[in-house]
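Q: Before I ask anything, let me first share the structure, which is written out below as structure tokens.
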Amino acid sequence: MLATPLYNCDYDRVYEPAEDSFLLLDSLESELSFLRSIFEKDNYFPIILEIGCGSGIVTTFLHQHAIPTNKGLYLPVDINPWAIDATLQTIKKNPPTKDLQTTTIVDPLLMDLVAGLKSNSVDLLVFNPPYVPAEAVPNLPPGTNDEGWLDLALLGGEDGLVVTNKLLNNLHNILSPKGVAYILFCARNKPQEIQLRMEGHGWKVDLIEKRKAGWEVLSVYKFQKIKTNF
Ligand SMILES: C[S@@+](CC[C@H](N)C(=O)[O-])C[C@H]1O[C@@H](n2cnc3c(N)ncnc32)[C@H](O)[C@@H]1O
């Protein structure tokens with residue numbers, strides 16, 4: 001089992017890693033051979049995007065353990081400036097071990113979803129979104145020091161899917177031809193309906209992990225473009 005990164009941030013402003021974060025880490029670890037088989041070939045330099053990096057635990061885990069491979073550009077992004085700060089600290093605390101011989105760049109970005117990224121450039125996308133059903137997705141707090149950053153981490157509007165659907169509806173413009181995305185859902189998001197919908201649009205969708213966490217049932221699904229340029 002791969003080690004979990006050390007992390008420590010201000011949990012009044014940044015999402016504290018929880019069962020969802022750890023389920024994502026376990027899913028990515030279980031996909032290691034698959035990811036290496038795609039991205040280790042031909043000296044390829046993949047772009048790894050984590051949307052909503054929070055404490056930085058997920059991007060740091062990928063970077064620390066050379067997932068998907070020992071080279072790449074890691075872009076952890078978040079809408080919360082405190083999360084960018086926390087991610088920088090977590091990355092610094094957990095460098096890859098020397099024997100992995102990595103050639104990587106890590107560049108945390110303050111950004112709303114994928115705004116500003118070049119189309120069809122992302123090879124590995126990871127998202128643990130705000131998935132809790134709520135009346136609406138909260139507005140951005142008016143100032144950096146104001147409260148409300150944690151609500152943005154949790155509340156996902158109708159069916160908990162408003163933010164996730166924005167991403168899914170644009171996934172064909174985001175992923176590269178080799179691209180693969182891992183997205184976390186809770187049962188109230190009705191992930192099986194999402195699977196059917198995305199398969200109807202020509203995606204290959206697989207359930208990677210499913211786990212009961214308190215009163216929630218969490219799952220991680222993998223989305224791939226139907227093979228064209230592999
Ligand atoms: C459930 S937390 C996950 C944090 C971390 N990835 C983890 O697994 O522990 C969701 C994160 O998404 C961020 N977020 C919410 N809406 C976003 C958006 N539109 N664009 C980028 N990040 C967003 C939140 O600030 C929060 O850090």
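Naming works like this for the structure tokens: A, B, ... for the chains as they're shown, residue 1 at the start of each chain, ligands 1 onward in shown order.
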Residues at most 9 Å from ligand 1, using only C-alpha atoms and all ligand atoms? Could they come as an NGL selection string?
A: :A and (13-25 or 50-59 or 76-84 or 110-115 or 126-131 or 137 or 149-156 or 163-164 or 166)
Q: Write out as a list in words the residues lying within 9 Å of Lys204 in chain A, counting only C-alpha atoms and excluding same-chain residues fewer than 5 positions away.
A: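 Neighbouring residues, sequence-local ones excluded: Gln195, Met198, Glu199, Lys222, Phe223, Gln224, Lys225, Ile226 and Lys227 of chain A.
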Q: May I have all residues of chain A that DSSP, computed from the backbone, assigns to helix (DSSP H, G or I), given as JSON, numbers by chain?
A: {"A": [19, 20, 21, 22, 23, 24, 25, 26, 27, 28, 29, 30, 32, 33, 34, 35, 36, 37, 38, 39, 41, 42, 43, 57, 58, 59, 60, 61, 62, 63, 64, 81, 82, 83, 84, 85, 86, 87, 88, 89, 90, 91, 92, 93, 98, 99, 100, 149, 150, 151, 152, 153, 154, 158, 159, 160, 162, 163, 164, 165, 166, 167, 168, 171, 172, 173, 174, 187, 188, 189, 191, 192, 193, 194, 195, 196, 197, 198, 199, 200]}
Q: What gap, in Å, lies between CA of Leu168 in chain A and CA of Thr4 in chain A?
A: 28.1 Å
Q: Excluding range 89-100 of chain A and any residue of its chain fewer than 5 positions from it, enumerate the residues within 9 Å of it, using only C-alpha atoms, and give them as a list of chain:residue names.
A: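 Counting only the stated atoms, we get A:Pro5, A:Leu6, A:Tyr7, A:Asn8, A:Cys9, A:Ser55, A:Gly56, A:Ile57, A:Thr59, A:Thr60, A:Phe61, A:His63, A:Gln64, A:His65, A:Ala66, A:Asn70, A:Ile84, A:Val106.
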Q: Okay, now the selection with N, CA and C atoms, as an mmCIF file, in the first residue's frame?
A:
```cif
data_model
loop_
_atom_site.group_PDB
_atom_site.id
_atom_site.type_symbol
_atom_site.label_atom_id
_atom_site.label_comp_id
_atom_site.auth_asym_id
_atom_site.auth_seq_id
_atom_site.Cartn_x
_atom_site.Cartn_y
_atom_site.Cartn_z
ATOM 1 N N PRO A 5 0.266 10.994 1.955
ATOM 2 C CA PRO A 5 1.110 12.157 2.271
ATOM 3 C C PRO A 5 0.817 12.740 3.647
ATOM 4 N N LEU A 6 1.830 13.397 4.207
ATOM 5 C CA LEU A 6 1.623 14.167 5.443
ATOM 6 C C LEU A 6 0.931 15.462 5.052
ATOM 7 N N TYR A 7 -0.027 15.880 5.836
ATOM 8 C CA TYR A 7 -0.711 17.141 5.522
ATOM 9 C C TYR A 7 -1.129 17.805 6.824
ATOM 10 N N ASN A 8 -1.255 19.110 6.766
ATOM 11 C CA ASN A 8 -1.669 19.859 7.948
ATOM 12 C C ASN A 8 -2.010 21.265 7.482
ATOM 13 N N CYS A 9 -3.301 21.613 7.467
ATOM 14 C CA CYS A 9 -3.638 22.984 7.059
ATOM 15 C C CYS A 9 -4.705 23.578 7.953
ATOM 16 N N SER A 55 -6.593 20.504 0.385
ATOM 17 C CA SER A 55 -5.326 20.412 1.134
ATOM 18 C C SER A 55 -4.141 20.028 0.247
ATOM 19 N N GLY A 56 -4.434 19.511 -0.939
ATOM 20 C CA GLY A 56 -3.364 19.064 -1.837
ATOM 21 C C GLY A 56 -3.048 17.587 -1.699
ATOM 22 N N ILE A 57 -3.821 16.874 -0.881
ATOM 23 C CA ILE A 57 -3.466 15.481 -0.577
ATOM 24 C C ILE A 57 -3.467 14.588 -1.829
ATOM 25 N N THR A 59 -3.204 15.444 -5.291
ATOM 26 C CA THR A 59 -2.106 15.734 -6.225
ATOM 27 C C THR A 59 -0.775 15.323 -5.627
ATOM 28 N N THR A 60 -0.594 15.579 -4.334
ATOM 29 C CA THR A 60 0.678 15.212 -3.698
ATOM 30 C C THR A 60 0.880 13.703 -3.744
ATOM 31 N N PHE A 61 -0.182 12.944 -3.494
ATOM 32 C CA PHE A 61 -0.093 11.479 -3.556
ATOM 33 C C PHE A 61 0.360 11.040 -4.956
ATOM 34 N N HIS A 63 1.958 12.823 -7.256
ATOM 35 C CA HIS A 63 3.304 13.318 -7.532
ATOM 36 C C HIS A 63 4.357 12.518 -6.763
ATOM 37 N N GLN A 64 4.045 12.262 -5.494
ATOM 38 C CA GLN A 64 4.993 11.568 -4.611
ATOM 39 C C GLN A 64 5.275 10.146 -5.094
ATOM 40 N N HIS A 65 4.251 9.508 -5.688
ATOM 41 C CA HIS A 65 4.392 8.106 -6.080
ATOM 42 C C HIS A 65 4.510 7.929 -7.599
ATOM 43 N N ALA A 66 4.806 9.023 -8.291
ATOM 44 C CA ALA A 66 5.013 8.972 -9.748
ATOM 45 C C ALA A 66 3.825 8.339 -10.468
ATOM 46 N N ASN A 70 6.806 8.809 -14.168
ATOM 47 C CA ASN A 70 7.773 9.617 -13.425
ATOM 48 C C ASN A 70 8.056 10.967 -14.078
ATOM 49 N N ILE A 84 -4.889 26.733 -2.440
ATOM 50 C CA ILE A 84 -3.665 26.794 -3.264
ATOM 51 C C ILE A 84 -2.448 26.863 -2.343
ATOM 52 N N VAL A 106 5.134 21.072 -10.845
ATOM 53 C CA VAL A 106 3.857 21.203 -10.131
ATOM 54 C C VAL A 106 3.515 22.686 -10.077
#
```
Q: My list of candidates is A:Asn189, A:Ser27, A:Ser119, A:Thr69. Which is closest to Lys41 in chain A when distances are computed with only C-alpha atoms?
A: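 Of A:Asn189, A:Ser27, A:Ser119, A:Thr69, the one nearest Lys41 in chain A is A:Thr69, counting only C-alpha atoms.
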Q: Hey, what does DSSP flag as strand (DSSP E) within range 133-199 of chain A? Can you give it to me as number ranges by chain?
A: A: 175-186
Q: Which of these, A:Phe39, A:Pro142, A:Asn165, A:Leu49, has the shortest distance to Arg197 in chain A once you count only C-alpha atoms?
A: A:Asn165
Q: I'd like the interatomic distance between CA of Gly157 in chain A and CA of Val217 in chain A, to a tenth of an Å.
A: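 Taking CA of Gly157 in chain A and CA of Val217 in chain A, their separation equals 18.4 Å.
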